[in-house]
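Shown below: work-v9.txt, with compact mmCIF, C-alpha atoms (C1' of nucleotides).
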```txt
# COMPACT_ATOMS: atom_id res chain seq x y z
CA MET A 217 111.23 -151.38 -116.16
CA THR A 218 111.60 -152.38 -112.53
CA GLU A 219 108.81 -152.13 -109.99
CA THR A 220 110.55 -149.16 -108.42
CA GLU A 221 110.61 -147.30 -111.72
CA THR A 222 107.00 -148.17 -112.32
CA THR A 223 106.04 -146.87 -108.90
CA ILE A 224 107.93 -143.62 -109.40
CA GLU A 225 106.48 -143.15 -112.85
CA GLU A 226 102.94 -143.69 -111.62
CA THR A 227 103.12 -141.55 -108.50
CA TYR A 228 101.44 -138.27 -109.34
CA GLN A 229 103.76 -135.38 -108.58
CA LEU A 230 102.34 -131.91 -108.70
CA ASP A 231 105.89 -130.49 -108.82
CA GLN A 232 106.42 -132.09 -112.21
CA GLN A 233 103.18 -130.98 -113.80
CA VAL A 234 103.56 -128.31 -116.43
CA GLY A 235 100.67 -126.29 -115.01
CA PHE A 236 102.23 -126.08 -111.59
CA LEU A 237 105.61 -125.13 -113.03
CA LEU A 238 103.98 -122.45 -115.17
CA ARG A 239 102.36 -121.07 -112.07
CA LEU A 240 105.66 -120.88 -110.19
CA ALA A 241 107.36 -119.26 -113.16
CA ASN A 242 104.55 -116.75 -113.40
CA GLN A 243 104.76 -115.87 -109.74
CA ARG A 244 108.48 -115.33 -109.95
CA HIS A 245 108.00 -113.16 -113.01
CA ALA A 246 105.39 -111.14 -111.10
CA ALA A 247 107.83 -110.57 -108.25
CA ILE A 248 110.56 -109.46 -110.64
CA PHE A 249 108.09 -107.21 -112.44
CA GLN A 250 107.27 -105.59 -109.10
CA ASP A 251 110.95 -104.87 -108.51
CA HIS A 252 111.23 -103.03 -111.80
CA ALA A 253 107.78 -101.48 -112.06
CA VAL A 254 107.49 -98.13 -113.83
CA GLY A 255 105.01 -95.80 -112.22
CA ASP A 256 102.71 -98.12 -110.37
CA LEU A 257 101.60 -100.10 -113.37
CA THR A 258 100.64 -103.73 -113.11
CA ARG A 259 101.74 -106.42 -115.55
CA THR A 260 98.47 -106.34 -117.42
CA GLN A 261 98.42 -102.55 -117.61
CA PHE A 262 101.97 -102.69 -118.93
CA ALA A 263 100.93 -105.15 -121.65
CA ALA A 264 97.99 -102.99 -122.70
CA ILE A 265 100.17 -99.89 -123.01
CA ALA A 266 102.87 -101.79 -124.88
CA ARG A 267 100.27 -103.02 -127.37
CA LEU A 268 98.83 -99.53 -127.85
CA ALA A 269 102.31 -98.17 -128.49
CA GLU A 270 102.85 -100.90 -131.06
CA HIS A 271 99.48 -100.81 -132.83
CA GLY A 272 98.27 -97.26 -132.28
CA ARG A 273 94.62 -96.55 -131.67
CA CYS A 274 92.35 -99.57 -131.82
CA SER A 275 89.04 -100.83 -130.43
CA GLN A 276 88.81 -102.15 -126.91
CA ASN A 277 87.94 -105.54 -128.26
CA GLN A 278 91.00 -105.52 -130.50
CA LEU A 279 93.24 -104.36 -127.67
CA GLY A 280 91.98 -107.25 -125.57
CA ARG A 281 92.98 -109.67 -128.30
CA TYR A 282 96.40 -108.03 -128.77
CA ALA A 283 97.04 -108.23 -125.04
CA ALA A 284 95.53 -111.70 -124.52
CA MET A 285 92.77 -110.47 -122.25
CA ASP A 286 89.12 -111.35 -121.92
CA ILE A 287 86.70 -108.56 -122.94
CA ALA A 288 85.53 -108.11 -119.35
CA THR A 289 89.13 -107.98 -118.15
CA ILE A 290 90.31 -105.43 -120.72
CA LYS A 291 87.35 -103.24 -119.78
CA GLY A 292 88.67 -103.00 -116.22
CA VAL A 293 92.28 -102.51 -117.31
CA VAL A 294 91.29 -99.70 -119.70
CA ASP A 295 89.20 -98.08 -116.96
CA ARG A 296 92.13 -98.03 -114.57
CA LEU A 297 94.50 -96.74 -117.26
CA LYS A 298 91.98 -93.97 -117.99
CA GLN A 299 91.90 -93.12 -114.30
CA LYS A 300 95.68 -92.85 -114.42
CA GLY A 301 95.38 -90.56 -117.44
CA LEU A 302 97.48 -92.88 -119.59
CA VAL A 303 94.84 -93.76 -122.19
CA GLY A 304 91.84 -92.06 -123.67
CA THR A 305 88.74 -93.45 -125.31
CA GLU A 306 86.44 -92.17 -128.02
CA PRO A 307 83.46 -93.64 -129.83
CA SER A 308 84.10 -94.99 -133.32
CA GLN A 309 82.82 -92.84 -136.20
CA ASP A 310 81.75 -95.75 -138.37
CA ASP A 311 80.62 -98.32 -135.81
CA LYS A 312 78.58 -97.19 -132.83
CA ARG A 313 79.27 -100.42 -131.01
CA ARG A 314 82.98 -99.66 -130.90
CA SER A 315 85.07 -97.77 -128.42
CA LEU A 316 88.50 -96.66 -129.67
CA ILE A 317 91.40 -96.62 -127.24
CA SER A 318 94.64 -94.72 -127.59
CA LEU A 319 97.53 -93.51 -125.50
CA THR A 320 97.45 -89.99 -124.14
CA PRO A 321 100.62 -87.86 -124.35
CA LYS A 322 101.23 -88.85 -120.74
CA GLY A 323 100.98 -92.50 -121.73
CA GLU A 324 103.22 -91.97 -124.77
CA ALA A 325 105.84 -90.42 -122.53
CA LEU A 326 106.09 -93.64 -120.54
CA VAL A 327 106.65 -96.01 -123.44
CA GLU A 328 110.42 -95.82 -123.69
CA ASP A 329 110.78 -96.36 -119.95
CA LEU A 330 108.38 -99.26 -120.11
CA HIS A 331 110.36 -100.88 -122.94
CA ARG A 332 113.60 -100.46 -121.03
CA ALA A 333 112.03 -101.90 -117.88
CA GLY A 334 110.44 -104.70 -119.91
CA ARG A 335 113.80 -105.79 -121.29
CA GLU A 336 115.32 -105.73 -117.82
CA ILE A 337 112.43 -107.75 -116.38
CA SER A 338 112.80 -110.39 -119.08
CA ARG A 339 116.56 -110.47 -118.58
CA ALA A 340 116.19 -110.95 -114.83
CA THR A 341 113.48 -113.56 -115.26
CA LEU A 342 115.66 -115.62 -117.60
CA ALA A 343 118.88 -115.10 -115.64
CA PRO A 344 118.98 -118.65 -114.17
CA LEU A 345 119.29 -120.04 -117.73
CA THR A 346 122.18 -120.04 -120.16
CA PRO A 347 121.65 -118.03 -123.37
CA ALA A 348 120.98 -121.22 -125.30
CA GLU A 349 118.48 -122.37 -122.69
CA GLN A 350 116.80 -118.97 -122.79
CA ARG A 351 116.30 -119.23 -126.53
CA SER A 352 115.09 -122.78 -126.14
CA LEU A 353 112.54 -121.83 -123.42
CA LEU A 354 111.13 -118.95 -125.48
CA LYS A 355 110.87 -121.20 -128.51
CA LEU A 356 109.14 -123.99 -126.58
CA LEU A 357 106.71 -121.60 -124.87
CA GLY A 358 105.98 -120.10 -128.26
CA LYS A 359 105.29 -123.55 -129.62
CA LEU A 360 102.83 -124.26 -126.80
CA ALA A 361 100.65 -121.25 -127.59
CA MET B 249 125.26 -106.59 -137.51
CA THR B 250 123.39 -104.60 -140.13
CA GLU B 251 121.12 -101.67 -139.39
CA THR B 252 118.11 -103.85 -140.09
CA GLU B 253 119.25 -106.41 -137.58
CA THR B 254 119.95 -103.67 -135.06
CA THR B 255 116.50 -102.22 -135.57
CA ILE B 256 114.79 -105.57 -135.14
CA GLU B 257 116.86 -106.34 -132.08
CA GLU B 258 116.01 -103.03 -130.46
CA THR B 259 112.29 -102.98 -131.23
CA TYR B 260 110.50 -104.07 -128.10
CA GLN B 261 108.21 -106.98 -128.90
CA LEU B 262 105.76 -108.06 -126.25
CA ASP B 263 105.24 -111.36 -128.12
CA GLN B 264 108.84 -112.32 -127.43
CA GLN B 265 108.87 -111.43 -123.74
CA VAL B 266 108.97 -114.40 -121.41
CA GLY B 267 106.25 -112.93 -119.20
CA PHE B 268 103.81 -112.62 -122.06
CA LEU B 269 104.57 -116.12 -123.29
CA LEU B 270 104.08 -117.49 -119.78
CA ARG B 271 100.71 -115.77 -119.67
CA LEU B 272 99.61 -117.32 -122.96
CA ALA B 273 100.81 -120.75 -121.86
CA ASN B 274 98.95 -120.35 -118.57
CA GLN B 275 95.74 -119.38 -120.31
CA ARG B 276 95.94 -122.34 -122.63
CA HIS B 277 96.57 -124.61 -119.67
CA ALA B 278 93.53 -123.11 -117.93
CA ALA B 279 91.35 -123.85 -120.94
CA ILE B 280 92.61 -127.44 -121.13
CA PHE B 281 92.07 -127.82 -117.40
CA GLN B 282 88.49 -126.68 -117.90
CA ASP B 283 87.96 -129.38 -120.52
CA HIS B 284 89.08 -132.08 -118.11
CA ALA B 285 87.81 -130.71 -114.83
CA VAL B 286 86.79 -133.22 -112.18
CA GLY B 287 83.79 -132.14 -110.18
CA ASP B 288 83.77 -128.42 -110.56
CA LEU B 289 87.18 -127.86 -109.06
CA THR B 290 89.38 -125.01 -110.13
CA ARG B 291 93.10 -125.30 -110.81
CA THR B 292 94.03 -123.95 -107.42
CA GLN B 293 91.56 -126.18 -105.60
CA PHE B 294 92.99 -129.11 -107.52
CA ALA B 295 96.52 -128.21 -106.42
CA ALA B 296 95.48 -127.89 -102.79
CA ILE B 297 93.81 -131.30 -102.80
CA ALA B 298 96.76 -132.90 -104.60
CA ARG B 299 99.10 -131.54 -101.94
CA LEU B 300 96.90 -132.75 -99.10
CA ALA B 301 96.80 -136.20 -100.66
CA GLU B 302 100.58 -136.16 -100.88
CA HIS B 303 101.43 -134.69 -97.47
CA GLY B 304 98.48 -135.65 -95.32
CA ARG B 305 97.16 -133.30 -92.69
CA CYS B 306 99.08 -130.04 -92.34
CA SER B 307 98.60 -126.45 -91.27
CA GLN B 308 96.95 -123.97 -93.57
CA ASN B 309 100.16 -122.00 -93.74
CA GLN B 310 102.08 -125.12 -94.74
CA LEU B 311 99.49 -126.07 -97.34
CA GLY B 312 99.84 -122.62 -98.84
CA ARG B 313 103.57 -123.13 -99.16
CA TYR B 314 103.14 -126.62 -100.66
CA ALA B 315 100.66 -125.29 -103.20
CA ALA B 316 102.52 -122.02 -103.93
CA MET B 317 99.76 -119.83 -102.63
CA ASP B 318 99.71 -116.66 -100.60
CA ILE B 319 98.29 -117.07 -97.05
CA ALA B 320 95.28 -114.92 -97.90
CA THR B 321 94.69 -116.91 -101.08
CA ILE B 322 94.92 -120.34 -99.42
CA LYS B 323 92.40 -119.12 -96.82
CA GLY B 324 89.84 -118.61 -99.56
CA VAL B 325 90.68 -121.85 -101.35
CA VAL B 326 90.37 -123.85 -98.10
CA ASP B 327 87.05 -122.12 -97.34
CA ARG B 328 85.62 -123.10 -100.70
CA LEU B 329 86.91 -126.67 -100.39
CA LYS B 330 85.26 -126.85 -96.95
CA GLN B 331 82.02 -125.64 -98.49
CA LYS B 332 82.32 -128.46 -101.01
CA GLY B 333 82.89 -130.90 -98.17
CA LEU B 334 86.27 -131.96 -99.56
CA VAL B 335 88.46 -130.81 -96.68
CA GLY B 336 88.03 -130.39 -92.97
CA THR B 337 89.84 -128.18 -90.50
CA GLU B 338 90.64 -128.54 -86.83
CA PRO B 339 92.60 -126.46 -84.37
CA SER B 340 96.08 -127.67 -83.58
CA GLN B 341 96.51 -129.31 -80.15
CA ASP B 342 99.95 -127.87 -79.51
CA ASP B 343 99.78 -124.48 -81.23
CA LYS B 344 96.63 -122.43 -80.85
CA ARG B 345 97.62 -120.23 -83.76
CA ARG B 346 97.47 -123.16 -86.13
CA SER B 347 94.62 -124.58 -88.13
CA LEU B 348 95.11 -128.12 -89.43
CA ILE B 349 93.67 -129.05 -92.81
CA SER B 350 92.96 -132.53 -94.07
CA LEU B 351 90.94 -134.27 -96.73
CA THR B 352 87.54 -135.63 -95.83
CA PRO B 353 86.56 -139.13 -97.04
CA LYS B 354 84.73 -137.37 -99.86
CA GLY B 355 87.90 -135.54 -100.77
CA GLU B 356 89.96 -138.73 -100.53
CA ALA B 357 87.57 -140.43 -102.92
CA LEU B 358 88.38 -137.86 -105.59
CA VAL B 359 92.14 -138.17 -105.50
CA GLU B 360 92.60 -140.97 -107.99
CA ASP B 361 90.32 -139.24 -110.48
CA LEU B 362 92.17 -135.99 -109.97
CA HIS B 363 95.52 -137.68 -110.60
CA ARG B 364 94.20 -139.31 -113.75
CA ALA B 365 92.77 -135.99 -114.96
CA GLY B 366 95.98 -134.21 -113.96
CA ARG B 367 98.07 -136.51 -116.12
CA GLU B 368 95.73 -136.03 -119.03
CA ILE B 369 95.76 -132.25 -118.63
CA SER B 370 99.54 -132.20 -118.64
CA ARG B 371 99.66 -134.51 -121.63
CA ALA B 372 97.27 -132.32 -123.59
CA THR B 373 99.07 -129.16 -122.57
CA LEU B 374 102.40 -130.52 -123.80
CA ALA B 375 100.98 -132.15 -126.93
CA PRO B 376 102.39 -129.54 -129.37
CA LEU B 377 105.92 -130.53 -128.30
CA THR B 378 107.99 -133.62 -129.08
CA PRO B 379 108.82 -135.83 -126.08
CA ALA B 380 112.36 -134.40 -126.00
CA GLU B 381 110.99 -130.86 -126.11
CA GLN B 382 108.54 -131.69 -123.34
CA ARG B 383 111.35 -132.87 -121.08
CA SER B 384 113.37 -129.83 -122.02
CA LEU B 385 110.52 -127.42 -121.22
CA LEU B 386 109.85 -128.99 -117.82
CA LYS B 387 113.55 -128.89 -117.02
CA LEU B 388 113.89 -125.24 -118.05
CA LEU B 389 110.76 -124.18 -116.17
CA GLY B 390 112.08 -126.04 -113.14
CA LYS B 391 115.37 -124.19 -113.47
CA LEU B 392 113.57 -120.82 -113.53
CA ALA B 393 111.84 -121.40 -110.21
C1' DT C 238 63.28 -105.15 -146.96
C1' DC C 239 63.06 -107.68 -142.81
C1' DC C 240 64.62 -111.10 -139.68
C1' DA C 241 68.24 -113.95 -137.76
C1' DT C 242 72.85 -114.00 -136.49
C1' DA C 243 76.92 -111.98 -134.97
C1' DA C 244 79.77 -108.33 -132.97
C1' DC C 245 80.87 -104.89 -129.30
C1' DA C 246 80.84 -103.31 -124.75
C1' DT C 247 78.88 -103.45 -120.15
C1' DT C 248 77.47 -105.70 -116.09
C1' DT C 249 77.18 -109.34 -112.67
C1' DG C 250 79.10 -112.99 -110.17
C1' DC C 251 82.67 -116.05 -108.65
C1' DA C 252 87.56 -117.26 -108.02
C1' DT C 253 91.90 -116.11 -107.50
C1' DA C 254 96.31 -113.28 -106.17
C1' DC C 255 98.64 -110.34 -103.43
C1' DT C 256 99.83 -106.43 -100.05
C1' DA C 257 99.13 -104.55 -95.70
C1' DA C 258 97.07 -104.23 -91.24
C1' DT C 259 95.46 -106.60 -87.20
C1' DG C 260 94.98 -109.68 -83.14
C1' DA C 261 96.24 -113.88 -80.78
C1' DA C 262 99.74 -117.11 -79.73
C1' DT C 263 104.45 -118.73 -79.63
C1' DT C 264 109.35 -118.16 -79.49
C1' DT C 265 113.44 -115.69 -78.57
C1' DT C 266 116.24 -112.61 -76.04
C1' DG C 267 117.98 -109.87 -72.29
C1' DC D 56 110.52 -113.81 -65.92
C1' DA D 57 109.04 -110.20 -68.92
C1' DA D 58 109.42 -107.80 -73.15
C1' DA D 59 110.45 -107.96 -78.00
C1' DA D 60 110.18 -110.42 -82.16
C1' DT D 61 108.08 -113.72 -84.95
C1' DT D 62 104.43 -116.77 -86.54
C1' DC D 63 99.63 -117.94 -87.86
C1' DA D 64 95.28 -116.79 -89.49
C1' DT D 65 91.88 -113.30 -90.57
C1' DT D 66 90.30 -109.20 -92.77
C1' DA D 67 90.15 -105.36 -95.98
C1' DG D 68 91.31 -103.56 -100.29
C1' DT D 69 92.76 -103.67 -105.11
C1' DA D 70 93.58 -106.02 -109.47
C1' DT D 71 92.87 -109.38 -112.39
C1' DG D 72 90.48 -113.44 -115.04
C1' DC D 73 86.70 -115.45 -116.98
C1' DA D 74 81.80 -117.18 -117.85
C1' DA D 75 77.30 -115.75 -118.71
C1' DA D 76 73.66 -112.50 -119.44
C1' DT D 77 72.18 -108.23 -121.52
C1' DG D 78 71.34 -104.30 -124.66
C1' DT D 79 72.74 -101.95 -128.76
C1' DT D 80 74.47 -102.02 -133.36
C1' DA D 81 75.96 -104.08 -137.69
C1' DT D 82 75.89 -107.73 -141.12
C1' DG D 83 74.16 -111.38 -143.95
C1' DG D 84 70.64 -114.11 -146.00
C1' DA D 85 65.94 -115.20 -147.54
```
Any chance you could give the structure as structure tokens?
Amino acid sequence: MTETETTIEETYQLDQQVGFLLRLANQRHAAIFQDHAVGDLTRTQFAAIARLAEHGRCSQNQLGRYAAMDIATIKGVVDRLKQKGLVGTEPSQDDKRRSLISLTPKGEALVEDLHRAGREISRATLAPLTPAEQRSLLKLLGKLA
Amino acid sequence: MTETETTIEETYQLDQQVGFLLRLANQRHAAIFQDHAVGDLTRTQFAAIARLAEHGRCSQNQLGRYAAMDIATIKGVVDRLKQKGLVGTEPSQDDKRRSLISLTPKGEALVEDLHRAGREISRATLAPLTPAEQRSLLKLLGKLA
DNA sequence: TCCATAACATTTGCATACTAATGAATTTTG
DNA sequence: CAAAATTCATTAGTATGCAAATGTTATGGA
């Protein structure tokens, strides 16, 4: 290895760090999401609704886990979805600590649109890659988790 | 394609969406960053300092661009770094609109540690992947941006 | 049966992250 | 040369994102 190669290898480059690249990818995804937003839902609200559609009624704590959100975060997301009339909450019958969350009819009505938009958002996000690269990226990201 | 395959293909799965996977990867990176934090810097503060070390003194607007941050966001990050005594600001001589940001000696003193930690954080983040997969992931993420 | 531990949700506090509006300063255009 | 357009930074507002503390409830062990 020549001195030049050593120097290049040792120079810290933020642009090449996985964290920085993840951030850029995330920002681009956010922008694309904005272009295809259904209603005026945010990315996290979208994820919460998608999980409720998939799992049905569940506790707030469970929903947070399904949607990869901290318990304080999911509290806020559920509050805002309640304000939008898209989810409802009720106390659990067999565990007074629990709050059960479910989609309202209004929320249910959005699900198909959200799925359609979700597919389009993913398609647009991955557009710079070939199909093989797209599969590879999803696989590698999945392996990181 | 059989009906089963069609059904699986058409069922919307949040787990397989690139946005969701990016979120998970980001969260994991955040947790690893926390384990290796230098001082009590956050990921965005780290990025800002790394960019200042790389580019030298620049305007706040420019620093935001270098670090992939919104102008309102970089304002807050610079404020907090000033509070920590790691950066200083001065008005530009030739453009009164501009504020020039640079590292203080205290900030400079951190840079080597930050680079070392940065490498370790990236290494740990990519650890689940083989070296070839790591290169592939970085390349694909770079292609998405 | 009672106490310690754990679970669930809420609250507080701090740090982003971004849009939009605003004012000051600079640049461009007629 | 003056007005229009653009740039830079600040501010306000909203939405996360997470750690830590807190109170209530449930569970497990002695």
12 Å contacts from chain B to chain C using all atoms listed in the file, as a list in words: Leu289, Thr290, Arg291, Thr292, Gln293, Ala316, Met317, Asp318, Ile319, Ala320, Thr321, Ile322, Lys323, Gly324, Val325, Asp327, Arg328, Ser340, Asp342, Asp343, Lys344, Arg345 and Arg346 of chain B
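Taking CA of Lys322 in chain A and CA of Leu302 in chain A as endpoints, the distance between them is 5.6 Å.
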Just fit chain A onto chain B on all the Cα atoms, in order, by least squares, and give it as an mmCIF file with C-alpha atoms, keeping the file's coordinate frame.
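selection-v2.cif written:
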```cif
data_model
loop_
_atom_site.group_PDB
_atom_site.id
_atom_site.type_symbol
_atom_site.label_atom_id
_atom_site.label_comp_id
_atom_site.auth_asym_id
_atom_site.auth_seq_id
_atom_site.Cartn_x
_atom_site.Cartn_y
_atom_site.Cartn_z
ATOM 1 C CA MET A 217 125.422 -106.355 -137.404
ATOM 2 C CA THR A 218 123.539 -104.420 -140.054
ATOM 3 C CA GLU A 219 121.242 -101.513 -139.296
ATOM 4 C CA THR A 220 118.260 -103.714 -140.055
ATOM 5 C CA GLU A 221 119.362 -106.290 -137.505
ATOM 6 C CA THR A 222 120.005 -103.575 -134.982
ATOM 7 C CA THR A 223 116.550 -102.138 -135.538
ATOM 8 C CA ILE A 224 114.880 -105.523 -135.175
ATOM 9 C CA GLU A 225 116.883 -106.331 -132.082
ATOM 10 C CA GLU A 226 115.990 -103.039 -130.439
ATOM 11 C CA THR A 227 112.297 -103.000 -131.277
ATOM 12 C CA TYR A 228 110.469 -104.099 -128.156
ATOM 13 C CA GLN A 229 108.186 -107.013 -128.935
ATOM 14 C CA LEU A 230 105.737 -108.079 -126.301
ATOM 15 C CA ASP A 231 105.228 -111.388 -128.150
ATOM 16 C CA GLN A 232 108.821 -112.345 -127.437
ATOM 17 C CA GLN A 233 108.855 -111.460 -123.766
ATOM 18 C CA VAL A 234 108.953 -114.422 -121.441
ATOM 19 C CA GLY A 235 106.236 -112.960 -119.222
ATOM 20 C CA PHE A 236 103.800 -112.631 -122.073
ATOM 21 C CA LEU A 237 104.544 -116.142 -123.306
ATOM 22 C CA LEU A 238 104.068 -117.510 -119.796
ATOM 23 C CA ARG A 239 100.718 -115.806 -119.671
ATOM 24 C CA LEU A 240 99.589 -117.348 -122.958
ATOM 25 C CA ALA A 241 100.794 -120.769 -121.869
ATOM 26 C CA ASN A 242 98.942 -120.381 -118.602
ATOM 27 C CA GLN A 243 95.729 -119.401 -120.313
ATOM 28 C CA ARG A 244 95.907 -122.363 -122.629
ATOM 29 C CA HIS A 245 96.565 -124.639 -119.682
ATOM 30 C CA ALA A 246 93.526 -123.151 -117.924
ATOM 31 C CA ALA A 247 91.346 -123.887 -120.942
ATOM 32 C CA ILE A 248 92.594 -127.466 -121.130
ATOM 33 C CA PHE A 249 92.079 -127.858 -117.391
ATOM 34 C CA GLN A 250 88.477 -126.735 -117.860
ATOM 35 C CA ASP A 251 87.952 -129.417 -120.495
ATOM 36 C CA HIS A 252 89.084 -132.129 -118.118
ATOM 37 C CA ALA A 253 87.838 -130.760 -114.809
ATOM 38 C CA VAL A 254 86.779 -133.268 -112.159
ATOM 39 C CA GLY A 255 83.756 -132.181 -110.196
ATOM 40 C CA ASP A 256 83.773 -128.445 -110.570
ATOM 41 C CA LEU A 257 87.171 -127.882 -109.057
ATOM 42 C CA THR A 258 89.374 -125.025 -110.129
ATOM 43 C CA ARG A 259 93.094 -125.326 -110.819
ATOM 44 C CA THR A 260 94.034 -123.955 -107.438
ATOM 45 C CA GLN A 261 91.562 -126.178 -105.607
ATOM 46 C CA PHE A 262 92.987 -129.127 -107.513
ATOM 47 C CA ALA A 263 96.521 -128.213 -106.414
ATOM 48 C CA ALA A 264 95.478 -127.896 -102.778
ATOM 49 C CA ILE A 265 93.805 -131.310 -102.792
ATOM 50 C CA ALA A 266 96.743 -132.911 -104.581
ATOM 51 C CA ARG A 267 99.100 -131.526 -101.935
ATOM 52 C CA LEU A 268 96.895 -132.749 -99.085
ATOM 53 C CA ALA A 269 96.793 -136.208 -100.634
ATOM 54 C CA GLU A 270 100.573 -136.158 -100.870
ATOM 55 C CA HIS A 271 101.424 -134.680 -97.466
ATOM 56 C CA GLY A 272 98.461 -135.637 -95.304
ATOM 57 C CA ARG A 273 97.145 -133.262 -92.692
ATOM 58 C CA CYS A 274 99.084 -130.036 -92.333
ATOM 59 C CA SER A 275 98.595 -126.418 -91.262
ATOM 60 C CA GLN A 276 96.946 -123.936 -93.566
ATOM 61 C CA ASN A 277 100.152 -121.995 -93.736
ATOM 62 C CA GLN A 278 102.076 -125.109 -94.728
ATOM 63 C CA LEU A 279 99.484 -126.055 -97.328
ATOM 64 C CA GLY A 280 99.824 -122.597 -98.836
ATOM 65 C CA ARG A 281 103.556 -123.113 -99.179
ATOM 66 C CA TYR A 282 103.133 -126.615 -100.650
ATOM 67 C CA ALA A 283 100.657 -125.280 -103.189
ATOM 68 C CA ALA A 284 102.505 -122.021 -103.934
ATOM 69 C CA MET A 285 99.733 -119.817 -102.615
ATOM 70 C CA ASP A 286 99.710 -116.654 -100.564
ATOM 71 C CA ILE A 287 98.268 -117.043 -97.035
ATOM 72 C CA ALA A 288 95.253 -114.898 -97.910
ATOM 73 C CA THR A 289 94.686 -116.915 -101.077
ATOM 74 C CA ILE A 290 94.909 -120.332 -99.412
ATOM 75 C CA LYS A 291 92.412 -119.133 -96.810
ATOM 76 C CA GLY A 292 89.829 -118.594 -99.551
ATOM 77 C CA VAL A 293 90.662 -121.843 -101.341
ATOM 78 C CA VAL A 294 90.345 -123.837 -98.099
ATOM 79 C CA ASP A 295 87.039 -122.108 -97.337
ATOM 80 C CA ARG A 296 85.600 -123.088 -100.693
ATOM 81 C CA LEU A 297 86.901 -126.656 -100.382
ATOM 82 C CA LYS A 298 85.254 -126.835 -96.945
ATOM 83 C CA GLN A 299 82.009 -125.624 -98.477
ATOM 84 C CA LYS A 300 82.314 -128.433 -101.006
ATOM 85 C CA GLY A 301 82.881 -130.884 -98.155
ATOM 86 C CA LEU A 302 86.245 -131.955 -99.552
ATOM 87 C CA VAL A 303 88.436 -130.792 -96.663
ATOM 88 C CA GLY A 304 88.012 -130.362 -92.959
ATOM 89 C CA THR A 305 89.814 -128.162 -90.480
ATOM 90 C CA GLU A 306 90.638 -128.520 -86.810
ATOM 91 C CA PRO A 307 92.630 -126.433 -84.362
ATOM 92 C CA SER A 308 96.135 -127.653 -83.563
ATOM 93 C CA GLN A 309 96.592 -129.287 -80.145
ATOM 94 C CA ASP A 310 100.036 -127.849 -79.520
ATOM 95 C CA ASP A 311 99.840 -124.459 -81.224
ATOM 96 C CA LYS A 312 96.703 -122.377 -80.845
ATOM 97 C CA ARG A 313 97.686 -120.190 -83.756
ATOM 98 C CA ARG A 314 97.482 -123.129 -86.138
ATOM 99 C CA SER A 315 94.624 -124.546 -88.117
ATOM 100 C CA LEU A 316 95.128 -128.098 -89.416
ATOM 101 C CA ILE A 317 93.663 -129.034 -92.777
ATOM 102 C CA SER A 318 92.956 -132.508 -94.066
ATOM 103 C CA LEU A 319 90.932 -134.260 -96.715
ATOM 104 C CA THR A 320 87.528 -135.617 -95.810
ATOM 105 C CA PRO A 321 86.555 -139.112 -97.022
ATOM 106 C CA LYS A 322 84.705 -137.357 -99.829
ATOM 107 C CA GLY A 323 87.897 -135.534 -100.753
ATOM 108 C CA GLU A 324 89.958 -138.732 -100.501
ATOM 109 C CA ALA A 325 87.563 -140.426 -102.884
ATOM 110 C CA LEU A 326 88.370 -137.866 -105.566
ATOM 111 C CA VAL A 327 92.143 -138.184 -105.479
ATOM 112 C CA GLU A 328 92.595 -140.997 -107.967
ATOM 113 C CA ASP A 329 90.316 -139.271 -110.463
ATOM 114 C CA LEU A 330 92.165 -136.028 -109.951
ATOM 115 C CA HIS A 331 95.524 -137.722 -110.586
ATOM 116 C CA ARG A 332 94.209 -139.341 -113.744
ATOM 117 C CA ALA A 333 92.765 -136.033 -114.942
ATOM 118 C CA GLY A 334 95.978 -134.238 -113.969
ATOM 119 C CA ARG A 335 98.078 -136.539 -116.131
ATOM 120 C CA GLU A 336 95.704 -136.075 -119.048
ATOM 121 C CA ILE A 337 95.747 -132.288 -118.645
ATOM 122 C CA SER A 338 99.541 -132.231 -118.649
ATOM 123 C CA ARG A 339 99.638 -134.549 -121.651
ATOM 124 C CA ALA A 340 97.232 -132.350 -123.601
ATOM 125 C CA THR A 341 99.044 -129.181 -122.593
ATOM 126 C CA LEU A 342 102.374 -130.542 -123.830
ATOM 127 C CA ALA A 343 100.952 -132.182 -126.955
ATOM 128 C CA PRO A 344 102.344 -129.562 -129.399
ATOM 129 C CA LEU A 345 105.891 -130.563 -128.342
ATOM 130 C CA THR A 346 107.947 -133.633 -129.120
ATOM 131 C CA PRO A 347 108.818 -135.849 -126.128
ATOM 132 C CA ALA A 348 112.325 -134.419 -126.043
ATOM 133 C CA GLU A 349 110.971 -130.878 -126.155
ATOM 134 C CA GLN A 350 108.528 -131.716 -123.376
ATOM 135 C CA ARG A 351 111.342 -132.888 -121.137
ATOM 136 C CA SER A 352 113.370 -129.847 -122.064
ATOM 137 C CA LEU A 353 110.490 -127.426 -121.260
ATOM 138 C CA LEU A 354 109.842 -129.024 -117.861
ATOM 139 C CA LYS A 355 113.538 -128.904 -117.063
ATOM 140 C CA LEU A 356 113.881 -125.256 -118.099
ATOM 141 C CA LEU A 357 110.751 -124.193 -116.198
ATOM 142 C CA GLY A 358 112.080 -126.060 -113.195
ATOM 143 C CA LYS A 359 115.353 -124.213 -113.516
ATOM 144 C CA LEU A 360 113.550 -120.858 -113.572
ATOM 145 C CA ALA A 361 111.818 -121.435 -110.240
#
```
Would you compute the distance between CA of Thr305 in chain A and CA of Leu326 in chain A? Give it in Å to one decimal.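 Between these atoms lies a distance of 18.0 Å.
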Got a sec to check which residues sit within 9 Å of (111.4, -105.2, -123.7), counting only C-alpha atoms (C1' of nucleotides), and write them as a list in words?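 The distance filter leaves exactly Leu330, His331, Arg332, Ala333, Gly334, Arg335, Glu336, Ile337, Ser338 and Arg339 of chain A; Glu258, Thr259, Tyr260, Gln261, Leu262, Gln264 and Gln265 of chain B.
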